[in-house]
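Report on the structure given below.
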Amino acid sequence: METEGMKMLAMAIAIGFGAIGPGIGVGLIGKGALEAMGRNPDASGKIQGLTILTIAFAEAVAIYALVISFIIWFAM
């Protein structure tokens with residue numbers, strides 16, 4: 001395989017594996033938040049705020065994977 005093809009494959013693997021974890025994490029966070037709001041509707045405002053913050057931290061991992069794929073793209 002040529003160098004450019006290997007670089008594209010490495011980029012695809014980096015962003016692909018880097019997006020799997022946050023995708024699962026955001027789903028689990030949303031599931032937990034909806035269950036908590038269903039059990040205690042009065043605390044939904046506090047739960048929603050913490051959920052949004054936690055989702056932002058989980059999505060940061062996907063952004064790191066995107067940055068790594070850009071580093072691979074521009075490295076050579």
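In the structure tokens, each chain is lettered A, B, ... as it comes, each chain's residues begin at 1, and ligands are numbered from 1 in order of appearance.
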Open item on the list: I want to know what sits within 12 Å of Lys7 of chain A, based on only C-alpha atoms, with residues of the same chain fewer than 2 positions away left out; could you give that as a ChimeraX atom specification?
Closed with: /A:1-5,9-14,68-76
Can I get the selection written as a short mmCIF file (atom, residue, chain, number, x, y, z; two decimals), in the first residue's frame, with N, CA and C atoms?
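Result file is out_3.cif:
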data_model
loop_
_atom_site.label_atom_id
_atom_site.label_comp_id
_atom_site.auth_asym_id
_atom_site.auth_seq_id
_atom_site.Cartn_x
_atom_site.Cartn_y
_atom_site.Cartn_z
N MET A 1 0.85 -1.18 0.00
CA MET A 1 0.00 0.00 0.00
C MET A 1 0.89 1.24 0.00
N GLU A 2 0.46 2.22 -0.72
CA GLU A 2 1.26 3.44 -0.79
C GLU A 2 1.11 4.28 0.48
N THR A 3 1.96 5.26 0.63
CA THR A 3 1.99 6.08 1.84
C THR A 3 0.69 6.86 2.03
N GLU A 4 0.17 7.43 0.96
CA GLU A 4 -1.07 8.22 1.08
C GLU A 4 -2.25 7.35 1.50
N GLY A 5 -2.29 6.14 0.96
CA GLY A 5 -3.36 5.22 1.35
C GLY A 5 -3.26 4.79 2.80
N LEU A 9 -6.01 5.46 5.78
CA LEU A 9 -6.48 4.36 6.62
C LEU A 9 -6.26 4.67 8.10
N ALA A 10 -5.11 5.22 8.44
CA ALA A 10 -4.83 5.59 9.83
C ALA A 10 -5.79 6.68 10.32
N MET A 11 -6.10 7.63 9.45
CA MET A 11 -7.05 8.68 9.83
C MET A 11 -8.43 8.08 10.08
N ALA A 12 -8.86 7.19 9.21
CA ALA A 12 -10.18 6.57 9.36
C ALA A 12 -10.26 5.75 10.64
N ILE A 13 -9.21 5.02 10.95
CA ILE A 13 -9.20 4.21 12.17
C ILE A 13 -9.20 5.11 13.40
N ALA A 14 -8.43 6.19 13.38
CA ALA A 14 -8.36 7.09 14.53
C ALA A 14 -9.71 7.73 14.83
N ILE A 68 -6.30 14.22 16.37
CA ILE A 68 -5.27 13.22 16.05
C ILE A 68 -5.32 12.85 14.58
N SER A 69 -6.52 12.70 14.02
CA SER A 69 -6.62 12.37 12.60
C SER A 69 -6.11 13.51 11.74
N PHE A 70 -6.34 14.75 12.13
CA PHE A 70 -5.78 15.89 11.38
C PHE A 70 -4.25 15.92 11.49
N ILE A 71 -3.72 15.57 12.66
CA ILE A 71 -2.26 15.51 12.81
C ILE A 71 -1.68 14.45 11.88
N ILE A 72 -2.36 13.31 11.79
CA ILE A 72 -1.89 12.27 10.86
C ILE A 72 -1.95 12.79 9.43
N TRP A 73 -3.01 13.50 9.08
CA TRP A 73 -3.19 13.99 7.71
C TRP A 73 -2.10 14.98 7.32
N PHE A 74 -1.76 15.90 8.24
CA PHE A 74 -0.79 16.94 7.92
C PHE A 74 0.65 16.56 8.26
N ALA A 75 0.88 15.39 8.85
CA ALA A 75 2.22 15.03 9.29
C ALA A 75 3.17 14.79 8.13
N MET A 76 2.69 14.21 7.05
CA MET A 76 3.59 13.88 5.95
C MET A 76 3.17 14.59 4.69
#
Open item on the list: Please list as an MDAnalysis selection string every residue within 8 Å of segment 48-57 of chain A, counting only C-alpha atoms and excluding residues in the same chain fewer than 4 positions away.
Closed with: chainID A and resid 25:26 29:30 33 44 61
Store the residues picked out above in a file with N, CA and C atoms, as a JSON list (two decimals), in the first residue's frame.
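Heads up, here's the output in out.json:
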[["chain", "number", "residue", "atom", "x", "y", "z"],
["A", 25, "GLY", "N", -21.00, 6.47, 25.34],
["A", 25, "GLY", "CA", -21.06, 7.24, 26.58],
["A", 25, "GLY", "C", -22.22, 8.22, 26.63],
["A", 26, "VAL", "N", -22.44, 8.92, 25.53],
["A", 26, "VAL", "CA", -23.54, 9.89, 25.49],
["A", 26, "VAL", "C", -24.87, 9.17, 25.59],
["A", 29, "ILE", "N", -25.29, 8.22, 29.24],
["A", 29, "ILE", "CA", -25.56, 9.42, 30.05],
["A", 29, "ILE", "C", -27.01, 9.86, 29.88],
["A", 30, "GLY", "N", -27.47, 9.87, 28.62],
["A", 30, "GLY", "CA", -28.87, 10.25, 28.36],
["A", 30, "GLY", "C", -29.85, 9.29, 29.00],
["A", 33, "ALA", "N", -29.93, 9.95, 32.71],
["A", 33, "ALA", "CA", -30.59, 11.22, 33.03],
["A", 33, "ALA", "C", -32.11, 11.10, 32.89],
["A", 44, "SER", "N", -35.40, 17.82, 37.83],
["A", 44, "SER", "CA", -35.02, 17.73, 36.42],
["A", 44, "SER", "C", -34.12, 18.89, 35.98],
["A", 61, "VAL", "N", -13.64, 13.84, 23.96],
["A", 61, "VAL", "CA", -12.82, 12.71, 23.54],
["A", 61, "VAL", "C", -12.91, 12.54, 22.02]]
